[in-house]
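Engineer: Dropping in model27.cif, with mmCIF, C-alpha atoms and all ligand atoms.
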```cif
data_model
#
loop_
_atom_site.label_atom_id
_atom_site.label_comp_id
_atom_site.auth_asym_id
_atom_site.auth_seq_id
_atom_site.Cartn_x
_atom_site.Cartn_y
_atom_site.Cartn_z
CA MET E 1082 0.00 0.00 0.00
CA LYS E 1083 1.34 3.37 -1.01
CA THR E 1084 0.00 6.40 0.83
CA VAL E 1085 0.64 10.08 0.20
CA VAL E 1086 0.26 12.65 2.99
CA THR E 1087 0.26 16.26 1.85
CA GLY E 1088 1.18 18.50 4.77
CA GLY E 1089 2.81 15.48 6.41
CA ALA E 1090 5.42 17.55 8.25
CA GLY E 1091 2.68 19.51 9.99
CA PHE E 1092 0.98 18.88 13.28
CA ILE E 1093 -1.77 16.42 12.28
CA GLY E 1094 0.06 15.15 9.17
CA SER E 1095 3.15 14.04 11.08
CA HIS E 1096 1.06 12.08 13.58
CA LEU E 1097 -0.74 10.47 10.65
CA ALA E 1098 2.60 9.56 9.04
CA ASP E 1099 3.63 7.92 12.34
CA LEU E 1100 0.48 5.82 12.43
CA LEU E 1101 0.71 4.79 8.77
CA ILE E 1102 4.33 3.71 9.25
CA ASP E 1103 3.31 1.76 12.36
CA LEU E 1104 0.66 0.05 10.26
CA ASN E 1105 3.39 -0.86 7.78
CA TYR E 1106 2.22 1.28 4.86
CA GLU E 1107 4.57 3.07 2.49
CA VAL E 1108 4.34 6.81 3.21
CA ILE E 1109 5.32 9.72 1.00
CA VAL E 1110 5.08 13.09 2.68
CA ILE E 1111 4.77 16.21 0.55
CA ASP E 1112 5.34 19.43 2.49
CA ASN E 1113 6.77 22.82 1.58
CA LEU E 1114 7.78 23.37 5.22
CA SER E 1115 6.07 26.75 5.29
CA VAL E 1116 4.02 25.70 8.32
CA GLY E 1117 5.24 22.15 8.80
CA ARG E 1118 8.52 21.47 10.60
CA LYS E 1119 11.24 19.06 9.61
CA GLU E 1120 11.67 18.12 13.31
CA ASN E 1121 8.19 16.57 13.20
CA ILE E 1122 9.38 13.87 10.81
CA THR E 1123 13.14 13.51 11.45
CA HIS E 1124 12.53 10.32 13.40
CA LEU E 1125 10.95 8.80 10.26
CA VAL E 1126 13.52 9.63 7.58
CA GLU E 1127 15.69 6.56 8.20
CA ASN E 1128 12.71 4.27 7.68
CA SER E 1129 12.84 2.58 4.25
CA LYS E 1130 9.06 2.90 3.92
CA PHE E 1131 9.17 6.67 4.41
CA THR E 1132 9.96 9.36 1.83
CA PHE E 1133 9.91 13.10 2.30
CA VAL E 1134 9.51 15.38 -0.69
CA GLN E 1135 9.89 19.09 -0.05
CA ALA E 1136 7.48 20.57 -2.56
CA ASP E 1137 4.63 23.03 -2.75
CA ILE E 1138 1.22 21.70 -3.79
CA CYS E 1139 0.85 24.88 -5.87
CA ASN E 1140 3.49 23.49 -8.24
CA PHE E 1141 1.50 20.91 -10.19
CA ASP E 1142 4.36 19.69 -12.40
CA LEU E 1143 6.54 19.03 -9.38
CA ILE E 1144 3.99 17.11 -7.33
CA GLU E 1145 2.03 15.28 -10.01
CA PRO E 1146 4.42 12.29 -10.49
CA ILE E 1147 4.42 11.60 -6.74
CA PHE E 1148 0.82 10.40 -6.94
CA MET E 1149 1.60 7.62 -9.42
CA ASP E 1150 0.49 4.25 -7.97
CA ALA E 1151 -0.80 5.86 -4.78
CA ASP E 1152 -3.57 3.93 -3.06
CA TRP E 1153 -4.62 6.51 -0.48
CA VAL E 1154 -4.03 10.25 -0.47
CA PHE E 1155 -4.52 12.27 2.70
CA HIS E 1156 -4.74 15.92 1.75
CA LEU E 1157 -3.79 17.92 4.82
CA ALA E 1158 -1.53 20.59 3.32
CA ALA E 1159 -3.06 24.01 3.86
CA LEU E 1160 -2.38 27.41 5.32
CA ALA E 1161 -4.06 27.73 8.72
CA ASP E 1162 -4.87 30.51 11.20
CA ILE E 1163 -7.34 33.34 11.05
CA VAL E 1164 -5.31 36.54 11.22
CA PRO E 1165 -2.88 35.91 8.35
CA SER E 1166 -5.80 34.75 6.20
CA ILE E 1167 -7.44 38.15 6.64
CA GLU E 1168 -4.17 39.95 5.95
CA ASN E 1169 -3.15 37.80 3.01
CA PRO E 1170 -6.10 36.07 1.33
CA THR E 1171 -4.16 35.56 -1.92
CA GLU E 1172 -1.76 33.08 -0.34
CA TYR E 1173 -4.66 31.24 1.32
CA TYR E 1174 -6.55 31.00 -1.94
CA LYS E 1175 -3.45 29.69 -3.72
CA SER E 1176 -2.62 27.00 -1.17
CA ASN E 1177 -6.04 25.93 0.02
CA VAL E 1178 -7.98 26.21 -3.25
CA ASN E 1179 -5.52 26.01 -6.17
CA GLY E 1180 -3.33 23.58 -4.23
CA THR E 1181 -6.31 21.32 -3.58
CA PHE E 1182 -7.24 21.53 -7.26
CA ASN E 1183 -3.73 20.34 -8.19
CA VAL E 1184 -3.88 17.44 -5.73
CA LEU E 1185 -7.26 16.40 -7.12
CA GLN E 1186 -6.07 16.52 -10.71
CA ALA E 1187 -3.08 14.34 -9.82
CA CYS E 1188 -5.32 11.90 -7.89
CA ARG E 1189 -7.66 11.70 -10.85
CA LYS E 1190 -4.85 11.12 -13.31
CA TYR E 1191 -3.49 8.17 -11.33
CA GLN E 1192 -6.90 6.91 -10.23
CA VAL E 1193 -6.04 6.76 -6.55
CA LYS E 1194 -8.30 4.50 -4.52
CA LYS E 1195 -9.28 7.08 -1.93
CA ILE E 1196 -8.62 10.70 -1.09
CA ILE E 1197 -9.32 11.93 2.43
CA TYR E 1198 -9.59 15.70 2.82
CA ALA E 1199 -8.93 17.55 6.07
CA GLY E 1200 -12.04 19.69 6.29
CA SER E 1201 -12.61 22.32 8.94
CA SER E 1202 -15.42 22.95 11.42
CA SER E 1203 -14.78 26.65 10.80
CA CYS E 1204 -17.14 26.27 7.81
CA TYR E 1205 -20.08 26.42 10.27
CA GLY E 1206 -19.12 29.95 11.38
CA ILE E 1207 -21.47 30.76 14.22
CA PRO E 1208 -23.79 27.73 14.30
CA ASP E 1209 -27.48 27.88 15.24
CA GLU E 1210 -27.51 24.40 16.74
CA TYR E 1211 -25.36 22.39 19.14
CA PRO E 1212 -24.10 19.77 18.77
CA THR E 1213 -23.69 20.79 15.14
CA LYS E 1214 -24.56 18.34 12.37
CA GLU E 1215 -22.93 18.13 8.94
CA ASN E 1216 -26.03 19.59 7.27
CA ALA E 1217 -25.91 22.81 9.33
CA ALA E 1218 -25.68 26.07 7.40
CA ILE E 1219 -22.29 26.96 5.97
CA GLY E 1220 -21.13 30.43 7.07
CA PRO E 1221 -17.38 30.99 6.90
CA GLN E 1222 -16.31 34.13 8.77
CA TYR E 1223 -12.82 34.68 7.34
CA PRO E 1224 -10.72 33.58 4.34
CA TYR E 1225 -9.16 30.56 6.08
CA ALA E 1226 -12.62 29.08 6.70
CA LEU E 1227 -13.82 30.05 3.23
CA THR E 1228 -10.85 28.60 1.36
CA LYS E 1229 -10.98 25.32 3.32
CA ASN E 1230 -14.66 25.06 2.46
CA ILE E 1231 -14.07 25.78 -1.23
CA GLY E 1232 -11.39 23.05 -1.13
CA GLU E 1233 -13.93 20.65 0.31
CA GLN E 1234 -16.41 21.53 -2.42
CA LEU E 1235 -13.76 20.82 -5.05
CA VAL E 1236 -13.07 17.42 -3.50
CA MET E 1237 -16.75 16.52 -3.46
CA HIS E 1238 -17.16 17.71 -7.03
CA TRP E 1239 -14.26 15.58 -8.26
CA CYS E 1240 -15.82 12.68 -6.40
CA GLN E 1241 -19.22 13.17 -8.02
CA LEU E 1242 -18.10 14.02 -11.54
CA TYR E 1243 -14.91 12.04 -12.01
CA ASN E 1244 -15.73 9.14 -9.67
CA LEU E 1245 -12.76 9.89 -7.47
CA PRO E 1246 -13.52 8.10 -4.17
CA ALA E 1247 -13.37 10.82 -1.52
CA ILE E 1248 -14.32 11.67 2.05
CA SER E 1249 -13.99 14.98 3.85
CA LEU E 1250 -13.55 14.91 7.61
CA ARG E 1251 -14.40 18.19 9.32
CA PHE E 1252 -12.07 18.52 12.31
CA PHE E 1253 -13.01 20.40 15.46
CA ASN E 1254 -10.24 22.17 17.48
CA VAL E 1255 -7.50 19.55 17.18
CA TYR E 1256 -4.75 19.67 19.83
CA GLY E 1257 -1.88 17.50 20.98
CA PRO E 1258 1.92 17.21 20.91
CA ARG E 1259 3.47 19.16 17.99
CA ALA E 1260 0.45 21.50 17.81
CA ARG E 1261 1.90 24.07 15.51
CA THR E 1262 3.67 27.08 16.90
CA SER E 1263 4.69 29.67 14.36
CA GLY E 1264 5.35 33.37 14.24
CA THR E 1265 1.67 34.17 13.86
CA TYR E 1266 -0.87 34.35 16.65
CA GLY E 1267 -2.67 31.04 16.45
CA ALA E 1268 -4.57 28.26 18.15
CA VAL E 1269 -5.09 28.46 21.89
CA PHE E 1270 -2.93 25.49 22.95
CA GLY E 1271 0.20 26.89 21.31
CA VAL E 1272 -0.46 30.26 22.96
CA PHE E 1273 -1.21 28.88 26.44
CA LEU E 1274 1.58 26.28 26.60
CA ALA E 1275 4.22 28.87 25.65
CA GLN E 1276 2.76 31.18 28.31
CA LYS E 1277 2.91 28.38 30.87
CA LEU E 1278 6.57 27.68 30.14
CA ALA E 1279 7.39 31.40 30.39
CA LYS E 1280 5.39 31.60 33.66
CA LYS E 1281 3.21 34.33 32.15
CA PRO E 1282 -0.56 34.60 32.60
CA TYR E 1283 -2.89 32.93 30.13
CA THR E 1284 -4.57 35.42 27.82
CA VAL E 1285 -8.17 34.33 28.20
CA VAL E 1286 -10.56 35.73 25.60
CA GLY E 1287 -13.81 37.24 26.95
CA ASP E 1288 -14.93 35.66 30.21
CA GLY E 1289 -13.52 32.24 29.35
CA ASN E 1290 -16.96 30.63 29.48
CA GLN E 1291 -16.95 29.97 25.74
CA THR E 1292 -16.45 26.31 24.96
CA ARG E 1293 -14.59 24.34 22.33
CA ASP E 1294 -14.77 20.77 21.12
CA PHE E 1295 -11.10 20.02 21.85
CA THR E 1296 -10.21 16.84 19.96
CA PHE E 1297 -6.98 15.00 20.64
CA VAL E 1298 -4.76 14.39 17.64
CA SER E 1299 -4.57 10.58 18.04
CA ASP E 1300 -8.37 10.42 17.72
CA VAL E 1301 -8.23 12.54 14.56
CA VAL E 1302 -5.52 10.38 13.04
CA SER E 1303 -7.42 7.19 13.76
CA ALA E 1304 -10.47 8.73 12.07
CA LEU E 1305 -8.36 9.50 8.98
CA VAL E 1306 -7.17 5.92 8.64
CA THR E 1307 -10.62 4.49 9.40
CA ALA E 1308 -12.11 6.69 6.67
CA ALA E 1309 -9.47 5.56 4.17
CA LYS E 1310 -10.12 1.90 4.94
CA SER E 1311 -13.89 2.22 4.69
CA ASP E 1312 -15.92 1.66 1.53
CA LEU E 1313 -17.57 5.03 1.97
CA SER E 1314 -17.29 7.78 -0.60
CA GLY E 1315 -18.89 11.17 -1.20
CA GLU E 1316 -19.42 11.82 2.50
CA VAL E 1317 -18.62 14.82 4.68
CA ILE E 1318 -18.20 13.73 8.30
CA ASN E 1319 -17.62 15.67 11.55
CA ILE E 1320 -14.78 14.53 13.77
CA GLY E 1321 -14.91 15.80 17.35
CA SER E 1322 -14.43 14.74 20.95
CA ASN E 1323 -18.14 14.25 21.68
CA ASN E 1324 -17.80 16.98 24.29
CA THR E 1325 -17.24 20.70 24.66
CA TYR E 1326 -15.02 22.32 27.29
CA SER E 1327 -14.76 25.91 28.51
CA ILE E 1328 -11.54 27.87 28.27
CA ASN E 1329 -11.77 28.31 32.04
CA ARG E 1330 -11.74 24.53 32.41
CA LEU E 1331 -8.68 24.34 30.16
CA VAL E 1332 -6.91 26.92 32.33
CA GLU E 1333 -7.87 24.98 35.45
CA LEU E 1334 -6.25 21.87 33.99
CA LEU E 1335 -3.11 23.74 32.92
CA GLY E 1336 -2.84 25.70 36.19
CA GLY E 1337 -1.65 29.30 36.39
CA ASP E 1338 -2.78 32.92 36.33
CA ILE E 1339 -5.13 34.62 33.89
CA THR E 1340 -5.22 37.95 32.15
CA TYR E 1341 -8.39 38.74 30.21
CA ILE E 1342 -8.40 40.01 26.63
CA PRO E 1343 -11.36 41.31 24.60
CA LYS E 1344 -13.91 38.94 23.09
CA ARG E 1345 -13.14 38.42 19.40
CA PRO E 1346 -15.70 39.27 16.73
CA GLY E 1347 -16.95 36.50 14.43
CA GLU E 1348 -16.16 33.67 16.79
CA PRO E 1349 -18.75 31.25 18.18
CA ASP E 1350 -19.42 30.87 21.91
CA CYS E 1351 -19.33 27.13 21.40
CA THR E 1352 -18.01 24.55 18.98
CA TRP E 1353 -19.36 21.05 19.43
CA ALA E 1354 -19.60 18.39 16.77
CA ASP E 1355 -22.50 16.04 16.41
CA ILE E 1356 -20.46 12.91 15.70
CA SER E 1357 -23.32 10.48 15.20
CA LYS E 1358 -22.52 10.20 11.50
CA ALA E 1359 -18.91 9.22 12.26
CA THR E 1360 -19.96 6.67 14.85
CA GLN E 1361 -22.58 5.16 12.56
CA LEU E 1362 -20.81 5.20 9.19
CA LEU E 1363 -17.23 4.73 10.29
CA ASN E 1364 -17.75 2.90 13.55
CA TRP E 1365 -15.24 5.37 14.97
CA GLU E 1366 -15.31 7.11 18.31
CA PRO E 1367 -12.96 9.44 20.18
CA LYS E 1368 -11.05 7.98 23.11
CA VAL E 1369 -9.09 10.83 24.71
CA SER E 1370 -10.75 13.24 27.15
CA LEU E 1371 -9.43 16.78 27.64
CA GLU E 1372 -8.16 15.78 31.08
CA THR E 1373 -6.04 12.97 29.59
CA GLY E 1374 -4.95 15.00 26.57
CA VAL E 1375 -3.76 17.93 28.67
CA GLN E 1376 -1.81 15.55 30.90
CA ILE E 1377 -0.04 14.15 27.83
CA LEU E 1378 0.87 17.69 26.77
CA LEU E 1379 2.12 18.65 30.22
CA ASN E 1380 4.49 15.70 30.00
CA ASN E 1381 5.79 16.91 26.60
CA MET E 1382 6.41 20.60 27.09
CA GLU E 1383 9.83 20.77 25.33
CA TYR E 1384 8.13 21.35 22.00
CA TRP E 1385 6.98 24.82 23.05
CA GLU E 1386 10.31 25.96 24.46
CA ASP E 1387 11.13 28.19 21.48
CA ALA E 1388 7.52 29.20 20.79
CA PRO E 1389 6.58 32.88 20.77
CA VAL E 1390 5.14 34.06 24.09
CA TRP E 1391 2.10 36.24 23.50
CA ASP E 1392 0.76 38.83 25.91
CA LYS E 1393 -2.18 41.20 25.99
CA LYS E 1394 -0.32 43.91 24.10
CA SER E 1395 1.22 41.79 21.36
CA ILE E 1396 -2.11 40.00 20.81
CA ALA E 1397 -3.93 43.33 20.48
CA LYS E 1398 -1.40 44.36 17.82
CA ALA E 1399 -1.51 41.03 16.00
CA THR E 1400 -5.31 40.97 15.86
CA GLU E 1401 -5.86 44.57 14.73
CA GLN E 1402 -7.18 43.55 11.32
CA TRP E 1403 -9.35 40.84 12.84
CA PHE E 1404 -11.16 43.43 14.98
CA GLU E 1405 -11.22 45.90 12.08
CA TYR E 1406 -12.84 43.59 9.49
CA LEU E 1407 -14.98 41.25 11.55
CA SER E 1408 -16.64 43.75 13.89
N1 LIG W 1501 -8.55 31.65 23.22
C1 LIG W 1501 -8.21 32.31 24.39
N2 LIG W 1501 -7.00 32.96 24.42
C2 LIG W 1501 -6.14 32.98 23.37
C3 LIG W 1501 -6.50 32.30 22.20
C4 LIG W 1501 -7.72 31.65 22.14
O1 LIG W 1501 -8.95 32.33 25.38
O2 LIG W 1501 -5.07 33.61 23.48
C5 LIG W 1501 -9.84 30.95 23.16
C6 LIG W 1501 -10.77 31.47 22.05
O3 LIG W 1501 -11.62 32.50 22.53
C7 LIG W 1501 -11.56 30.23 21.70
C8 LIG W 1501 -10.63 29.07 22.05
O4 LIG W 1501 -9.61 29.62 22.86
O5 LIG W 1501 -12.72 30.14 22.51
C9 LIG W 1501 -10.04 28.39 20.85
O6 LIG W 1501 -9.42 29.36 20.05
P1 LIG W 1501 -8.63 28.94 18.75
O7 LIG W 1501 -8.18 30.21 18.08
O8 LIG W 1501 -7.61 27.92 19.11
O9 LIG W 1501 -9.73 28.18 17.90
P2 LIG W 1501 -11.13 28.67 17.29
O10 LIG W 1501 -11.53 29.96 17.98
O11 LIG W 1501 -10.88 28.86 15.84
O12 LIG W 1501 -12.10 27.60 17.61
#
```
Output the file's structure in the form of structure tokens.
Structural biologist:
Amino acid sequence: MKTVVTGGAGFIGSHLADLLIDLNYEVIVIDNLSVGRKENITHLVENSKFTFVQADICNFDLIEPIFMDADWVFHLAALADIVPSIENPTEYYKSNVNGTFNVLQACRKYQVKKIIYAGSSSCYGIPDEYPTKENAAIGPQYPYALTKNIGEQLVMHWCQLYNLPAISLRFFNVYGPRARTSGTYGAVFGVFLAQKLAKKPYTVVGDGNQTRDFTFVSDVVSALVTAAKSDLSGEVINIGSNNTYSINRLVELLGGDITYIPKRPGEPDCTWADISKATQLLNWEPKVSLETGVQILLNNMEYWEDAPVWDKKSIAKATEQWFEYLS
């Protein structure tokens, strides 16, 4: 079995590569290392079943031959984060839409057996119903969410029109070891863990009563492989923890002081996946609670040692455009 993981040097992709190697599949990782980190996969490079290709999915001619004879393609390569997507929508469109188009064309050419797309729960925007089902209204609030949703639509269209077997999994607030830390202000775990190491207060948004469906990366990765193995095609499926946890609860588990920062426009008070479709169609269920997941992270803090430490002031500066456009 030959598998291709785009974005395989990233947070979720590198955990997926680990699992696929453990399962004895051949793994080719394509990553341009713009967000992904080589350190995430260095432990795999000596493995004869593992290949790393540093390439950008925007370069069709470069990536196309890699898909020859591929059985499964996991398309995880994308630009993430809200703020830079507002500041630089062109790059997001190129990577998340044109890049996905290129991957699909290559998959179609070589008739891969299954493509699994990393969809995003951000497509639901501010949902009307909780837990949120896959047929809830689509309402992206910023270009990251929009471009990931357009990518998903492309995947489903290639599935329908060209008979490319495909599934999109919509992930809810994935966290775990190697959760990406970059120069940009990003997901809450990266921010809080760096603050913990620096013994600085956690920058809690609003009153901290908002809740998120924090889903541990090993559960997400098992869902990806289960989806690839299944006979399903043409389905969009939520992947979440079957729970929703407040930011205050997260802080309680991490331990430490708080400083409050303003509530952010365009963000929901709750994210919470209805995962009944995943449990029924894939026979998959999440296994890791937030309590267990946080404990795993607290035992693996080295990863955040060189991460940027955000504070009230630097966050206010970094999110200027967010407040300007989304208010
Ligand atoms: N959050 C926070 N402080 C931060 C960053 C995020 O309290 O410095 C909160 C934010 O309000 C949200 C949750 O953490 O409720 C998750 O935020 P993230 O940006 O990781 O994901 P998203 O808002 O896209 O679900």
Engineer: Considering only C-alpha atoms and all ligand atoms, state which residue in the set E:Gly1271, E:Asn1319, E:Leu1313, E:Thr1373 is at the smallest distance from ligand LIG 1501 (chain W).
Structural biologist: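 Among the listed residues, E:Gly1271 lies closest to ligand LIG 1501 (chain W).
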Engineer: Using only C-alpha atoms and all ligand atoms, what are the residues with an atom within 10 Å of ligand LIG 1501 (chain W), set out as a ChimeraX atom specification?
Structural biologist: /E:1161-1164,1201-1203,1206,1226,1253-1256,1266-1273,1276,1283-1295,1326-1329,1331-1332,1339-1353,1391-1393,1396
Engineer: Do you have the CA of Asn1183 in chain E-CA of Ser1095 in chain E distance handy?
Structural biologist: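 Between CA of Asn1183 in chain E and CA of Ser1095 in chain E the gap works out to 21.4 Å.
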Engineer: Please report the interatomic distance between CA of Thr1123 in chain E and CA of Val1154 in chain E in Å with one decimal.
Structural biologist: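 Here the two named atoms are 21.2 Å from each other.
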Engineer: Can you measure CA of Val1134 in chain E to CA of Pro1258 in chain E for me? One decimal in Å is fine.
Structural biologist: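 Interatomic distance, CA of Val1134 in chain E to CA of Pro1258 in chain E: 23.0 Å.
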Engineer: Show which residues sit within 12 Å of Val1302 in chain E, as a JSON list (two decimals) with C-alpha atoms, in the coordinates of the input. Count only C-alpha atoms, and ignore same-chain residues fewer than 4 positions away.
Structural biologist:
```
[["chain", "number", "residue", "atom", "x", "y", "z"],
["E", 1086, "VAL", "CA", 0.26, 12.65, 2.99],
["E", 1089, "GLY", "CA", 2.81, 15.48, 6.41],
["E", 1092, "PHE", "CA", 0.98, 18.88, 13.28],
["E", 1093, "ILE", "CA", -1.77, 16.42, 12.28],
["E", 1094, "GLY", "CA", 0.06, 15.15, 9.17],
["E", 1095, "SER", "CA", 3.15, 14.04, 11.08],
["E", 1096, "HIS", "CA", 1.06, 12.08, 13.58],
["E", 1097, "LEU", "CA", -0.74, 10.47, 10.65],
["E", 1098, "ALA", "CA", 2.60, 9.56, 9.04],
["E", 1099, "ASP", "CA", 3.63, 7.92, 12.34],
["E", 1100, "LEU", "CA", 0.48, 5.82, 12.43],
["E", 1101, "LEU", "CA", 0.71, 4.79, 8.77],
["E", 1155, "PHE", "CA", -4.52, 12.27, 2.70],
["E", 1157, "LEU", "CA", -3.79, 17.92, 4.82],
["E", 1197, "ILE", "CA", -9.32, 11.93, 2.43],
["E", 1199, "ALA", "CA", -8.93, 17.55, 6.07],
["E", 1250, "LEU", "CA", -13.55, 14.91, 7.61],
["E", 1252, "PHE", "CA", -12.07, 18.52, 12.31],
["E", 1255, "VAL", "CA", -7.50, 19.55, 17.18],
["E", 1256, "TYR", "CA", -4.75, 19.67, 19.83],
["E", 1257, "GLY", "CA", -1.88, 17.50, 20.98],
["E", 1296, "THR", "CA", -10.21, 16.84, 19.96],
["E", 1297, "PHE", "CA", -6.98, 15.00, 20.64],
["E", 1298, "VAL", "CA", -4.76, 14.39, 17.64],
["E", 1306, "VAL", "CA", -7.17, 5.92, 8.64],
["E", 1307, "THR", "CA", -10.62, 4.49, 9.40],
["E", 1308, "ALA", "CA", -12.11, 6.69, 6.67],
["E", 1309, "ALA", "CA", -9.47, 5.56, 4.17],
["E", 1320, "ILE", "CA", -14.78, 14.53, 13.77],
["E", 1321, "GLY", "CA", -14.91, 15.80, 17.35],
["E", 1365, "TRP", "CA", -15.24, 5.37, 14.97],
["E", 1366, "GLU", "CA", -15.31, 7.11, 18.31],
["E", 1367, "PRO", "CA", -12.96, 9.44, 20.18],
["E", 1368, "LYS", "CA", -11.05, 7.98, 23.11]]
```
Engineer: Env of Lys1310 in chain E: 10 Å cut, atoms = all atoms listed in the file, seq-sep filter 4 positions within chain, self excluded. Answer as a list in words.
Structural biologist: Trp1153, Lys1194, Lys1195, Ala1304, Leu1305, Val1306 and Leu1363 of chain E
Engineer: If you keep C-alpha atoms, can you produce a file of those selected residues as a short mmCIF file (atom, residue, chain, number, x, y, z; two decimals), in the coordinates of the input?
Structural biologist:
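Now in part.cif:
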```cif
data_model
loop_
_atom_site.label_atom_id
_atom_site.label_comp_id
_atom_site.auth_asym_id
_atom_site.auth_seq_id
_atom_site.Cartn_x
_atom_site.Cartn_y
_atom_site.Cartn_z
CA TRP E 1153 -4.62 6.51 -0.48
CA LYS E 1194 -8.30 4.50 -4.52
CA LYS E 1195 -9.28 7.08 -1.93
CA ALA E 1304 -10.47 8.73 12.07
CA LEU E 1305 -8.36 9.50 8.98
CA VAL E 1306 -7.17 5.92 8.64
CA LEU E 1363 -17.23 4.73 10.29
#
```
Engineer: Of the candidates E:Asp1142, E:Asp1300, E:Asp1150, E:Asp1137, which shows the shortest atom-to-atom distance to Ser1370 in chain E, using only C-alpha atoms?
Structural biologist: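 Counting only C-alpha atoms, the residue closest to Ser1370 in chain E is E:Asp1300.
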Engineer: Nearest to His1124 in chain E: which of E:Gln1192, E:Ala1090, E:Asp1152, E:Thr1325 is it, counting all atoms listed in the file?
Structural biologist: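 Under the stated criterion, the closest residue is E:Ala1090.
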Engineer: For Phe1148 in chain E, which residue among E:Tyr1243, E:Tyr1205, E:Tyr1191, E:Tyr1223 is the nearest when counting all atoms listed in the file?
Structural biologist: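 With all atoms listed in the file as the atom set, the closest residue is E:Tyr1191.
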Engineer: Which is closest to Leu1235 in chain E among E:Gly1200, E:Gly1091, E:Pro1389, E:Pro1165, if we use only C-alpha atoms?
Structural biologist: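 Looking only at the distances to Leu1235 in chain E, the closest residue turns out to be E:Gly1200.
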Engineer: For Ile1122 in chain E, which residue out of E:Ile1219, E:Arg1259, E:Lys1083, E:Cys1188 is the nearest one, using all atoms listed in the file?
Structural biologist: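 Ranked by minimum distance to Ile1122 in chain E, first place goes to E:Arg1259.
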Engineer: If we count only C-alpha atoms and set the cut-off at 10 Å, which residues sit around Ala1218 in chain E, ignoring sequence neighbours fewer than 3 positions away in its own chain? Please answer as a ChimeraX atom specification.
Structural biologist: /E:1204-1210,1213-1215,1221
Engineer: Would you place a box with edges along x, y and z of the file around all atoms of range 1172-1191 of chain E listed there, add 4 Å to each of its six sides, and report the centre and edge lengths in Å to one decimal, as AutoDock Vina command-line options?
Structural biologist:
```
--center_x -4.9 --center_y 20.6 --center_z -6.0 --size_x 14.2 --size_y 32.9 --size_z 22.6
```
Engineer: Around (3.5, 11.2, -1.0), as given in the file, which residues come within 6 Å? Count all atoms listed in the file and list them as a list in words.
Structural biologist: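 Output: Val1085, Val1086, Ile1109, Val1110, Ile1111 and Ile1147 of chain E.
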Engineer: Counting all atoms listed in the file, I want the residues whose atoms come within 10 Å of (6.0, 26.1, 8.9) in the file frame, returned as a PDB file with C-alpha atoms, in the coordinates of the input.
Structural biologist:
```
ATOM      1  CA  GLY E1088       1.180  18.500   4.770  1.00  0.00           C
ATOM      2  CA  ALA E1090       5.420  17.550   8.250  1.00  0.00           C
ATOM      3  CA  GLY E1091       2.680  19.510   9.990  1.00  0.00           C
ATOM      4  CA  PHE E1092       0.980  18.880  13.280  1.00  0.00           C
ATOM      5  CA  ASP E1112       5.340  19.430   2.490  1.00  0.00           C
ATOM      6  CA  ASN E1113       6.770  22.820   1.580  1.00  0.00           C
ATOM      7  CA  LEU E1114       7.780  23.370   5.220  1.00  0.00           C
ATOM      8  CA  SER E1115       6.070  26.750   5.290  1.00  0.00           C
ATOM      9  CA  VAL E1116       4.020  25.700   8.320  1.00  0.00           C
ATOM     10  CA  GLY E1117       5.240  22.150   8.800  1.00  0.00           C
ATOM     11  CA  ARG E1118       8.520  21.470  10.600  1.00  0.00           C
ATOM     12  CA  LYS E1119      11.240  19.060   9.610  1.00  0.00           C
ATOM     13  CA  LEU E1160      -2.380  27.410   5.320  1.00  0.00           C
ATOM     14  CA  ARG E1261       1.900  24.070  15.510  1.00  0.00           C
ATOM     15  CA  THR E1262       3.670  27.080  16.900  1.00  0.00           C
ATOM     16  CA  SER E1263       4.690  29.670  14.360  1.00  0.00           C
ATOM     17  CA  GLY E1264       5.350  33.370  14.240  1.00  0.00           C
TER      18      GLY E1264
END
```
Engineer: Give me the residues near Tyr1174 in chain E as a list of chain:residue names, where near means some atom within 8 Å (using only C-alpha atoms) and where sequence neighbours in that chain fewer than 5 positions away do not count.
Structural biologist: E:Asn1179, E:Pro1224, E:Thr1228
